[in-house]
file target.txt (compact mmCIF, C-alpha atoms)
# COMPACT_ATOMS: atom_id res chain seq x y z
CA MET A 1 -11.35 17.09 13.68
CA THR A 2 -9.20 14.03 12.93
CA ARG A 3 -6.15 13.89 15.16
CA ILE A 4 -3.01 12.36 13.65
CA ALA A 5 0.30 11.57 15.38
CA VAL A 6 3.27 11.71 13.02
CA LEU A 7 6.27 9.93 14.51
CA GLY A 8 9.45 11.30 12.95
CA ALA A 9 10.28 14.95 12.30
CA GLY A 10 12.71 14.61 9.41
CA SER A 11 12.06 16.19 6.01
CA TRP A 12 9.38 13.70 4.91
CA GLY A 13 7.64 13.45 8.28
CA SER A 14 7.53 17.24 8.60
CA THR A 15 6.32 17.62 5.01
CA PHE A 16 3.60 15.03 5.46
CA SER A 17 2.50 16.88 8.61
CA LEU A 18 2.08 19.94 6.40
CA VAL A 19 -0.08 17.90 3.99
CA LEU A 20 -2.21 16.57 6.86
CA GLY A 21 -2.60 20.05 8.33
CA ASP A 22 -3.61 21.48 4.96
CA ALA A 23 -6.19 18.67 4.71
CA GLY A 24 -7.80 19.78 7.98
CA CYS A 25 -6.25 17.34 10.44
CA ASP A 26 -5.02 18.21 13.92
CA VAL A 27 -1.39 17.01 13.84
CA THR A 28 1.14 16.28 16.57
CA LEU A 29 4.62 15.70 15.20
CA TRP A 30 6.97 13.66 17.40
CA ALA A 31 10.56 14.88 17.30
CA ARG A 32 13.41 13.01 18.92
CA ARG A 33 15.01 16.25 20.18
CA GLU A 34 13.18 18.75 22.35
CA ALA A 35 14.90 21.63 20.55
CA THR A 36 13.28 20.53 17.28
CA ALA A 37 9.88 20.11 18.91
CA ARG A 38 10.13 23.54 20.52
CA ALA A 39 11.05 25.20 17.22
CA ILE A 40 8.01 23.64 15.55
CA ARG A 41 5.69 24.63 18.41
CA GLU A 42 6.94 28.19 18.68
CA THR A 43 7.72 29.11 15.07
CA HIS A 44 5.74 26.55 13.03
CA ARG A 45 8.93 25.76 11.15
CA ASN A 46 11.46 22.92 11.11
CA PRO A 47 14.48 24.86 9.86
CA GLU A 48 16.84 21.87 9.99
CA TYR A 49 14.87 20.04 7.31
CA LEU A 50 12.41 22.47 5.67
CA GLY A 51 14.16 25.82 5.98
CA ASP A 52 11.67 28.70 6.06
CA VAL A 53 8.64 26.63 5.06
CA GLU A 54 5.79 27.51 7.42
CA LEU A 55 3.79 24.59 8.80
CA PRO A 56 0.00 24.95 9.22
CA ALA A 57 -1.30 26.27 12.53
CA ALA A 58 -2.87 22.84 13.17
CA VAL A 59 0.60 21.25 13.41
CA THR A 60 2.30 21.11 16.79
CA ALA A 61 5.17 18.99 18.12
CA ASN A 62 6.22 17.01 21.17
CA ALA A 63 9.40 15.20 22.15
CA ASP A 64 7.43 12.74 24.33
CA VAL A 65 6.10 9.94 22.11
CA ALA A 66 3.42 8.88 24.61
CA GLN A 67 2.02 12.41 24.67
CA ALA A 68 2.20 12.63 20.88
CA LEU A 69 0.10 9.45 20.60
CA GLU A 70 -2.49 10.48 23.19
CA GLY A 71 -5.96 10.64 21.66
CA ALA A 72 -4.72 9.93 18.12
CA ASP A 73 -7.24 8.78 15.50
CA GLY A 74 -4.36 7.70 13.27
CA VAL A 75 -0.60 7.20 13.36
CA VAL A 76 1.95 7.99 10.65
CA LEU A 77 5.40 6.39 10.96
CA ALA A 78 8.06 8.55 9.31
CA LEU A 79 11.18 6.88 10.69
CA PRO A 80 14.31 5.69 8.85
CA THR A 81 13.91 2.17 7.53
CA GLN A 82 16.81 0.61 9.39
CA ARG A 83 15.75 2.21 12.70
CA LEU A 84 12.04 1.48 12.55
CA ARG A 85 12.20 -1.82 14.44
CA GLU A 86 14.52 -0.34 17.08
CA ASN A 87 12.13 2.51 17.81
CA LEU A 88 9.04 0.31 17.93
CA CYS A 89 10.74 -2.17 20.28
CA ASP A 90 12.06 0.60 22.53
CA TRP A 91 8.61 2.15 22.85
CA ARG A 92 6.95 -1.17 23.65
CA GLN A 93 9.61 -1.98 26.24
CA ALA A 94 8.80 1.39 27.81
CA GLY A 95 5.12 0.42 27.91
CA ILE A 96 4.13 2.63 24.96
CA GLU A 97 1.89 0.84 22.46
CA LEU A 98 0.58 2.19 19.18
CA PRO A 99 -3.18 2.74 19.60
CA PRO A 100 -5.67 0.50 17.73
CA VAL A 101 -6.11 2.94 14.85
CA PRO A 102 -4.97 2.99 11.20
CA VAL A 103 -1.17 3.18 10.90
CA LEU A 104 0.46 4.61 7.77
CA SER A 105 4.09 3.83 6.95
CA LEU A 106 6.08 6.44 5.02
CA ALA A 107 9.35 4.49 5.23
CA LYS A 108 10.67 3.12 1.93
CA GLY A 109 13.14 0.27 2.22
CA ILE A 110 13.84 -3.37 3.05
CA GLU A 111 15.17 -4.24 6.50
CA ARG A 112 18.66 -5.72 6.53
CA GLY A 113 18.99 -9.09 8.20
CA THR A 114 15.30 -9.98 7.93
CA ASP A 115 14.54 -8.88 4.33
CA GLN A 116 11.20 -7.66 5.65
CA ARG A 117 9.11 -4.89 4.18
CA MET A 118 8.17 -2.05 6.51
CA SER A 119 4.58 -3.19 6.99
CA GLN A 120 5.92 -6.55 8.17
CA VAL A 121 8.28 -4.83 10.62
CA ILE A 122 5.41 -2.71 11.96
CA ALA A 123 3.19 -5.75 12.45
CA GLU A 124 5.92 -7.80 14.12
CA ALA A 125 7.82 -5.22 16.19
CA GLY A 126 4.92 -2.84 16.81
CA GLY A 127 2.27 -5.47 17.51
CA VAL A 128 -0.04 -3.87 14.94
CA ASP A 129 -2.81 -5.84 13.20
CA PRO A 130 -1.69 -6.05 9.53
CA ALA A 131 -5.23 -5.12 8.46
CA ARG A 132 -4.73 -1.67 10.05
CA ILE A 133 -1.45 -0.94 8.25
CA ALA A 134 -1.28 1.23 5.14
CA VAL A 135 1.78 2.14 3.06
CA LEU A 136 2.50 5.03 0.72
CA SER A 137 4.61 5.42 -2.40
CA GLY A 138 4.77 7.85 -5.27
CA PRO A 139 6.80 10.86 -6.41
CA ASN A 140 7.44 12.17 -2.89
CA LEU A 141 10.24 14.73 -3.13
CA ALA A 142 9.63 16.46 0.18
CA LEU A 143 10.69 20.00 -0.71
CA GLU A 144 8.40 20.12 -3.75
CA ILE A 145 5.44 18.88 -1.71
CA ALA A 146 6.33 21.32 1.08
CA ALA A 147 6.18 24.08 -1.55
CA ARG A 148 2.65 22.81 -2.25
CA GLN A 149 3.43 21.87 -5.85
CA PRO A 150 0.87 19.39 -7.29
CA SER A 151 1.78 15.75 -6.69
CA GLY A 152 0.22 12.32 -6.33
CA SER A 153 0.78 9.17 -4.31
CA VAL A 154 -0.63 5.68 -3.90
CA ILE A 155 -1.90 4.53 -0.51
CA ALA A 156 -2.20 0.76 -0.19
CA ALA A 157 -3.77 -1.37 2.53
CA SER A 158 -5.04 -4.93 2.52
CA ASP A 159 -8.33 -3.56 3.88
CA GLU A 160 -9.59 -1.16 1.24
CA SER A 161 -11.57 0.84 3.80
CA ILE A 162 -8.31 1.60 5.65
CA ALA A 163 -6.73 2.87 2.43
CA HIS A 164 -9.70 5.19 1.85
CA THR A 165 -9.58 6.41 5.45
CA VAL A 166 -5.90 7.31 5.15
CA ALA A 167 -6.51 8.95 1.77
CA ARG A 168 -9.07 11.22 3.44
CA TRP A 169 -6.48 12.26 6.05
CA CYS A 170 -4.23 13.75 3.38
CA ALA A 171 -6.81 15.09 0.92
CA ALA A 172 -5.05 18.45 0.73
CA PRO A 173 -5.16 20.87 -2.20
CA GLY A 174 -2.45 19.77 -4.61
CA PHE A 175 -1.93 16.34 -3.04
CA ARG A 176 -3.81 13.63 -4.93
CA SER A 177 -4.12 10.14 -3.41
CA TYR A 178 -4.97 6.92 -5.22
CA VAL A 179 -5.87 3.76 -3.30
CA SER A 180 -4.73 0.19 -3.79
CA GLN A 181 -4.80 -3.14 -1.98
CA ASP A 182 -1.39 -4.17 -3.35
CA VAL A 183 0.66 -3.57 -0.21
CA VAL A 184 3.53 -5.76 -1.43
CA GLY A 185 3.84 -4.09 -4.82
CA VAL A 186 3.66 -0.55 -3.47
CA GLU A 187 6.28 -1.28 -0.79
CA VAL A 188 8.68 -3.07 -3.13
CA ALA A 189 8.40 -0.28 -5.71
CA GLY A 190 8.98 2.41 -3.08
CA ALA A 191 12.00 0.62 -1.64
CA LEU A 192 13.85 -0.38 -4.80
CA LYS A 193 13.56 2.93 -6.61
CA ASN A 194 16.17 4.24 -4.16
CA VAL A 195 18.64 1.61 -5.37
CA ILE A 196 18.15 2.53 -9.02
CA ALA A 197 18.36 6.24 -8.17
CA ILE A 198 21.88 5.74 -6.83
CA ALA A 199 22.87 4.01 -10.07
CA VAL A 200 21.40 6.82 -12.18
CA GLY A 201 23.06 9.44 -10.00
CA ALA A 202 26.39 7.67 -10.47
CA ALA A 203 25.89 7.75 -14.24
CA VAL A 204 25.29 11.51 -14.12
CA GLY A 205 28.35 11.94 -11.89
CA LEU A 206 30.42 10.11 -14.49
CA GLY A 207 29.21 12.56 -17.13
CA TYR A 208 26.90 10.17 -18.96
CA GLY A 209 23.81 11.57 -20.63
CA THR A 210 20.14 10.90 -21.22
CA ASN A 211 20.57 7.60 -23.09
CA THR A 212 22.42 6.03 -20.17
CA CYS A 213 19.99 7.34 -17.57
CA SER A 214 16.96 6.23 -19.59
CA THR A 215 18.45 2.76 -19.98
CA LEU A 216 19.11 2.45 -16.25
CA ILE A 217 15.63 3.67 -15.31
CA THR A 218 13.93 1.29 -17.74
CA ARG A 219 16.00 -1.75 -16.82
CA GLY A 220 15.72 -0.75 -13.17
CA LEU A 221 11.96 -0.92 -13.49
CA ALA A 222 12.35 -4.41 -14.93
CA GLU A 223 14.38 -5.45 -11.87
CA ILE A 224 11.85 -3.95 -9.48
CA THR A 225 8.98 -5.69 -11.27
CA ARG A 226 10.72 -9.09 -11.29
CA LEU A 227 11.28 -9.06 -7.55
CA GLY A 228 7.91 -7.50 -6.74
CA VAL A 229 5.91 -10.07 -8.67
CA VAL A 230 7.81 -12.99 -7.12
CA LEU A 231 7.08 -11.55 -3.66
CA GLY A 232 3.37 -11.31 -4.48
CA GLY A 233 2.97 -7.83 -5.94
CA GLN A 234 0.56 -7.15 -8.79
CA PRO A 235 2.23 -6.48 -12.18
CA ALA A 236 -0.01 -3.47 -12.86
CA THR A 237 1.38 -1.64 -9.82
CA PHE A 238 4.90 -1.21 -11.18
CA PRO A 239 4.28 0.90 -14.31
CA GLY A 240 1.97 3.12 -12.22
CA LEU A 241 2.46 6.06 -9.88
CA ALA A 242 3.89 3.98 -7.00
CA GLY A 243 6.42 2.34 -9.29
CA LEU A 244 7.43 4.24 -12.41
CA GLY A 245 6.23 7.58 -11.04
CA ASP A 246 8.35 7.35 -7.90
CA LEU A 247 11.26 5.88 -9.87
CA VAL A 248 11.42 8.73 -12.38
CA ALA A 249 11.21 11.43 -9.70
CA THR A 250 13.88 9.87 -7.50
CA CYS A 251 16.24 9.02 -10.33
CA THR A 252 16.17 12.39 -12.06
CA SER A 253 15.92 15.03 -9.33
CA PRO A 254 18.89 16.53 -7.46
CA LEU A 255 16.46 16.86 -4.52
CA SER A 256 16.70 13.07 -4.14
CA ARG A 257 19.25 12.07 -1.50
CA ASN A 258 19.86 8.76 -3.26
CA HIS A 259 20.47 10.50 -6.59
CA ARG A 260 22.94 12.85 -4.88
CA LEU A 261 24.67 9.90 -3.21
CA GLY A 262 25.12 8.19 -6.57
CA HIS A 263 26.35 11.44 -8.11
CA ALA A 264 29.06 11.64 -5.44
CA LEU A 265 30.08 8.03 -6.14
CA GLY A 266 30.24 8.78 -9.85
CA ARG A 267 32.57 11.71 -9.16
CA GLY A 268 34.97 9.32 -7.46
CA LEU A 269 34.11 9.58 -3.75
CA ASP A 270 34.06 6.39 -1.71
CA ILE A 271 30.86 5.42 0.05
CA GLU A 272 31.79 6.98 3.40
CA ALA A 273 32.71 10.30 1.83
CA ALA A 274 29.60 10.22 -0.37
CA LEU A 275 27.32 9.62 2.61
CA LEU A 276 29.03 12.45 4.49
CA GLU A 277 28.49 14.80 1.55
CA VAL A 278 24.77 13.98 1.35
CA GLY A 279 24.46 14.51 5.10
CA GLN A 280 21.02 12.88 5.43
CA THR A 281 19.73 9.33 5.47
CA ALA A 282 19.85 7.76 1.99
CA GLU A 283 17.99 4.47 2.26
CA GLY A 284 19.23 3.02 -1.03
CA VAL A 285 22.54 1.54 0.16
CA ALA A 286 21.08 -0.54 2.98
CA THR A 287 18.16 -1.51 0.75
CA ALA A 288 20.53 -2.62 -2.03
CA ARG A 289 22.36 -4.89 0.39
CA ALA A 290 19.11 -6.40 1.67
CA VAL A 291 17.66 -6.81 -1.82
CA ASP A 292 20.84 -8.39 -3.16
CA GLU A 293 20.72 -11.01 -0.41
CA LEU A 294 17.03 -11.61 -1.07
CA ALA A 295 17.49 -11.85 -4.85
CA GLN A 296 20.29 -14.39 -4.49
CA ARG A 297 18.18 -16.48 -2.13
CA LEU A 298 15.22 -16.38 -4.54
CA ASP A 299 17.44 -16.77 -7.65
CA ILE A 300 16.20 -13.52 -9.22
CA ASP A 301 18.40 -11.68 -11.72
CA MET A 302 19.00 -8.12 -10.47
CA PRO A 303 22.24 -6.95 -12.11
CA ILE A 304 21.97 -3.22 -11.33
CA THR A 305 21.42 -3.94 -7.65
CA ARG A 306 24.25 -6.45 -7.59
CA SER A 307 26.60 -4.02 -9.33
CA LEU A 308 25.80 -1.28 -6.81
CA VAL A 309 26.57 -3.62 -3.90
CA GLY A 310 29.85 -4.46 -5.62
CA VAL A 311 30.75 -0.77 -5.72
CA VAL A 312 29.82 0.11 -2.13
CA ASP A 313 31.01 -3.11 -0.43
CA HIS A 314 33.53 -4.94 -2.59
CA GLY A 315 35.86 -2.36 -4.11
CA VAL A 316 34.42 -2.51 -7.63
CA THR A 317 34.86 0.79 -9.45
CA ILE A 318 31.95 2.53 -11.16
CA GLU A 319 33.72 2.02 -14.50
CA GLU A 320 34.12 -1.72 -13.84
CA ALA A 321 30.47 -2.01 -12.82
CA THR A 322 29.41 -0.23 -16.02
CA ALA A 323 31.55 -2.50 -18.18
CA SER A 324 30.15 -5.58 -16.46
CA LEU A 325 26.57 -4.49 -17.07
CA LEU A 326 27.28 -3.78 -20.75
CA ALA A 327 29.01 -7.12 -21.24
CA ARG A 328 26.04 -9.18 -20.12
CA SER A 329 24.76 -11.72 -22.61
CA VAL A 330 22.02 -10.68 -25.04
CA ARG A 331 18.54 -11.68 -23.94
CA PRO A 332 14.94 -10.85 -24.94
CA GLU A 333 13.60 -7.42 -23.87

call {"tool": "encode", "arguments": {"input": "target.txt", "output": "structure tokens"}}
result
Amino acid sequence: MTRIAVLGAGSWGSTFSLVLGDAGCDVTLWARREATARAIRETHRNPEYLGDVELPAAVTANADVAQALEGADGVVLALPTQRLRENLCDWRQAGIELPPVPVLSLAKGIERGTDQRMSQVIAEAGGVDPARIAVLSGPNLALEIAARQPSGSVIAASDESIAHTVARWCAAPGFRSYVSQDVVGVEVAGALKNVIAIAVGAAVGLGYGTNTCSTLITRGLAEITRLGVVLGGQPATFPGLAGLGDLVATCTSPLSRNHRLGHALGRGLDIEAALLEVGQTAEGVATARAVDELAQRLDIDMPITRSLVGVVDHGVTIEEATASLLARSVRPE
């Protein structure tokens, strides 16, 4: 039986453990807090994140990362984007290295300060051979997947055999994996959809309807594609499951933390109050800041991202941001 260590017991890490268990893997989920690990071991539930959802019998948990990694045939990193480097560095300083096995990143974002994608952070901070790193994107609303509703995702790795290996890990009923070698495109698409989801959520919070949301999603996809292609992504990735598929799910579902954050902003809350209301990590704000810096450095036009940064950091109101976007000069579609 394939043994997988999943590092991170939040909603997505716990849900992906369920997928791996359903696919026949032996899974050890690393939780930062012993109380969480004990609850998973004793009840096969993670009530803080998944409520009454029962995890497969093959899923256990440990609060000791070294023990969680022991004997692993694969590693899944399900840590918040802006804390990924910190965790990897802390573990290495403690003498804990990721084993020489395939490593799958579930994190979706761009690191602030370095503008690095998560696979780059894993290679640099974790000392992992880039050829062993895979990334995942797609419509990944955790609670729907935890309810075992049919869904699909793209797994990308520069080494195609690694992508196929990881796809076999999670070949569970109802979870369909597609493979790709476009690591850059899949990561950029997965990261930037969170930014656009905040904008769409804000539009809904303001009371705007389907026309507005459709416009933001479509033009958001154009922004994502522009940046992704410049960074080396393949154009065909962005209208696919990793790009448009993930974008539509995240922008339109109230299960999306980034959508809910935008909705709170649209109702008039400031960013601190909005984050408090959501109560969980919403990667889109930090990613927007990182992407805005990157876009300016590369001279790439990303008006939705720039407008969002104006709202959360520079006192621009949602109404002012909307007016600014509508007043932009006419250009070819």

call {"tool": "residues_near_point", "arguments": {"input": "target.txt", "point": "(29.3, 10.3, -9.5)", "cutoff": "8 Å", "atoms": "all atoms listed in the file", "output": "list in words"}}
result
Gly201, Ala202, Ala203, Val204, Gly205, Leu206, Gly207, Leu261, Gly262, His263, Ala264, Leu265, Gly266, Arg267, Gly268 and Leu269 of chain A

call {"tool": "write_last_selection", "arguments": {"input": "target.txt", "atoms": "C-alpha atoms", "output": "compact mmCIF listing (two decimals), in the frame of the given file"}}
result
# COMPACT_ATOMS: atom_id res chain seq x y z
CA GLY A 201 23.06 9.44 -10.00
CA ALA A 202 26.39 7.67 -10.47
CA ALA A 203 25.89 7.75 -14.24
CA VAL A 204 25.29 11.51 -14.12
CA GLY A 205 28.35 11.94 -11.89
CA LEU A 206 30.42 10.11 -14.49
CA GLY A 207 29.21 12.56 -17.13
CA LEU A 261 24.67 9.90 -3.21
CA GLY A 262 25.12 8.19 -6.57
CA HIS A 263 26.35 11.44 -8.11
CA ALA A 264 29.06 11.64 -5.44
CA LEU A 265 30.08 8.03 -6.14
CA GLY A 266 30.24 8.78 -9.85
CA ARG A 267 32.57 11.71 -9.16
CA GLY A 268 34.97 9.32 -7.46
CA LEU A 269 34.11 9.58 -3.75

call {"tool": "residues_around", "arguments": {"input": "target.txt", "residues": "A:Ala282", "least_positions_apart": "2", "cutoff": "6 Å", "atoms": "all atoms listed in the file", "output": "VMD selection string"}}
result
chain A and resid 257 to 258 284

call {"tool": "closest_atom_pairs", "arguments": {"input": "target.txt", "of": "stretch 239-331 of chain A", "to": "stretch 178-194 of chain A", "cutoff": "9 Å", "atoms": "only C-alpha atoms", "output": "tab-separated table"}}
result
residue	atom	partner	partner_atom	distance
A:Leu241	CA	A:Tyr178	CA	8.8
A:Ala242	CA	A:Val186	CA	5.7
A:Gly243	CA	A:Ala189	CA	4.9
A:Leu244	CA	A:Ala189	CA	8.1
A:Asp246	CA	A:Gly190	CA	6.9
A:Leu247	CA	A:Lys193	CA	5.0
A:Val248	CA	A:Lys193	CA	8.5
A:Thr250	CA	A:Asn194	CA	6.9
A:Cys251	CA	A:Lys193	CA	7.6
A:Ser256	CA	A:Asn194	CA	8.8
A:Arg257	CA	A:Asn194	CA	8.8
A:Asn258	CA	A:Asn194	CA	5.9
A:His259	CA	A:Asn194	CA	8.0
A:Ala282	CA	A:Asn194	CA	8.0
A:Glu283	CA	A:Asn194	CA	6.7
A:Gly284	CA	A:Asn194	CA	4.5
A:Val285	CA	A:Asn194	CA	8.2
A:Thr287	CA	A:Ala191	CA	6.9
A:Ala288	CA	A:Leu192	CA	7.6
A:Val291	CA	A:Leu192	CA	8.0
A:Thr305	CA	A:Leu192	CA	8.8

call {"tool": "closest_residue", "arguments": {"input": "target.txt", "among": "A:Ala286, A:Ile198, A:Met302, A:Met118", "to": "A:Leu77", "atoms": "only C-alpha atoms"}}
result
A:Met118

call {"tool": "atom_distance", "arguments": {"input": "target.txt", "atom1": "atom CA of A:Gly95", "atom2": "atom CA of A:Glu124"}}
result
16.1 Å

call {"tool": "atom_distance", "arguments": {"input": "target.txt", "atom1": "atom CA of A:Gln67", "atom2": "atom CA of A:Thr28"}}
result
9.0 Å

call {"tool": "closest_residue", "arguments": {"input": "target.txt", "among": "A:Ile133, A:Ala321, A:Ala199, A:Val19", "to": "A:Ser151", "atoms": "all atoms listed in the file"}}
result
A:Val19

call {"tool": "residues_near_point", "arguments": {"input": "target.txt", "point": "(13.7, 17.7, 18.6)", "cutoff": "10 Å", "atoms": "all atoms listed in the file", "output": "list in words"}}
result
Gly8, Ala9, Gly10, Leu29, Trp30, Ala31, Arg32, Arg33, Glu34, Ala35, Thr36, Ala37, Arg38, Ala39, Ile40, Asn46, Ala61, Asn62, Ala63 and Asp64 of chain A

call {"tool": "atom_distance", "arguments": {"input": "target.txt", "atom1": "atom CA of A:Gly109", "atom2": "atom CA of A:Val135"}}
result
11.5 Å

call {"tool": "closest_residue", "arguments": {"input": "target.txt", "among": "A:Gly24, A:Ala5, A:Leu88, A:Ala66", "to": "A:Val103", "atoms": "all atoms listed in the file"}}
result
A:Ala5

call {"tool": "closest_residue", "arguments": {"input": "target.txt", "among": "A:Glu48, A:Asp299, A:Asp129, A:Glu86", "to": "A:Glu111", "atoms": "all atoms listed in the file"}}
result
A:Glu86

call {"tool": "closest_atom_pairs", "arguments": {"input": "target.txt", "of": "stretch 36-133 of chain A", "to": "stretch 222-234 of chain A", "cutoff": "12 Å", "atoms": "only C-alpha atoms", "output": "CSV"}}
result
residue,atom,partner,partner_atom,distance
A:Asp115,CA,A:Leu231,CA,11.3
A:Gln116,CA,A:Leu231,CA,10.9
A:Arg117,CA,A:Leu231,CA,10.5

call {"tool": "decode", "arguments": {"input": "target.txt", "residues": "stretch 311-331 of chain A", "atoms": "N, CA and C atoms", "output": "CSV table (one decimal), in the first residue's frame"}}
result
chain,number,residue,atom,x,y,z
A,311,VAL,N,-7.9,48.9,-3.0
A,311,VAL,CA,-9.0,48.8,-1.9
A,311,VAL,C,-8.4,48.4,-0.6
A,312,VAL,N,-7.6,47.3,-0.6
A,312,VAL,CA,-7.2,46.7,0.7
A,312,VAL,C,-6.0,47.5,1.3
A,313,ASP,N,-5.2,48.2,0.5
A,313,ASP,CA,-4.0,48.8,1.1
A,313,ASP,C,-4.0,50.4,1.0
A,314,HIS,N,-4.8,50.9,0.1
A,314,HIS,CA,-4.6,52.4,-0.2
A,314,HIS,C,-5.9,53.2,0.0
A,315,GLY,N,-6.9,52.7,0.7
A,315,GLY,CA,-8.0,53.5,1.0
A,315,GLY,C,-9.0,53.7,-0.1
A,316,VAL,N,-8.8,53.1,-1.2
A,316,VAL,CA,-9.8,53.2,-2.4
A,316,VAL,C,-11.0,52.5,-2.0
A,317,THR,N,-12.2,53.1,-2.3
A,317,THR,CA,-13.5,52.5,-2.0
A,317,THR,C,-13.8,51.5,-3.2
A,318,ILE,N,-14.7,50.5,-2.9
A,318,ILE,CA,-15.1,49.6,-3.9
A,318,ILE,C,-15.7,50.4,-5.1
A,319,GLU,N,-16.5,51.4,-4.7
A,319,GLU,CA,-17.2,52.2,-5.8
A,319,GLU,C,-16.2,52.9,-6.6
A,320,GLU,N,-15.2,53.5,-6.0
A,320,GLU,CA,-14.1,54.2,-6.8
A,320,GLU,C,-13.3,53.2,-7.7
A,321,ALA,N,-13.1,52.0,-7.1
A,321,ALA,CA,-12.4,51.0,-7.9
A,321,ALA,C,-13.2,50.6,-9.1
A,322,THR,N,-14.5,50.4,-8.9
A,322,THR,CA,-15.4,50.1,-10.0
A,322,THR,C,-15.4,51.1,-11.1
A,323,ALA,N,-15.5,52.4,-10.7
A,323,ALA,CA,-15.6,53.5,-11.6
A,323,ALA,C,-14.3,53.6,-12.4
A,324,SER,N,-13.1,53.3,-11.7
A,324,SER,CA,-11.9,53.4,-12.4
A,324,SER,C,-11.7,52.3,-13.5
A,325,LEU,N,-12.2,51.1,-13.2
A,325,LEU,CA,-12.2,50.0,-14.1
A,325,LEU,C,-13.0,50.3,-15.3
A,326,LEU,N,-14.2,50.9,-15.1
A,326,LEU,CA,-15.1,51.2,-16.2
A,326,LEU,C,-14.7,52.4,-17.1
A,327,ALA,N,-13.8,53.2,-16.5
A,327,ALA,CA,-13.4,54.4,-17.2
A,327,ALA,C,-12.1,54.1,-18.1
A,328,ARG,N,-11.6,52.9,-18.0
A,328,ARG,CA,-10.4,52.6,-18.8
A,328,ARG,C,-10.7,52.8,-20.3
A,329,SER,N,-9.6,53.1,-21.0
A,329,SER,CA,-9.7,53.4,-22.4
A,329,SER,C,-10.2,52.2,-23.2
A,330,VAL,N,-10.9,52.4,-24.3
A,330,VAL,CA,-11.3,51.2,-25.1
A,330,VAL,C,-10.2,50.6,-25.8
A,331,ARG,N,-10.1,49.3,-25.8
A,331,ARG,CA,-9.1,48.5,-26.4
A,331,ARG,C,-9.6,47.2,-27.1
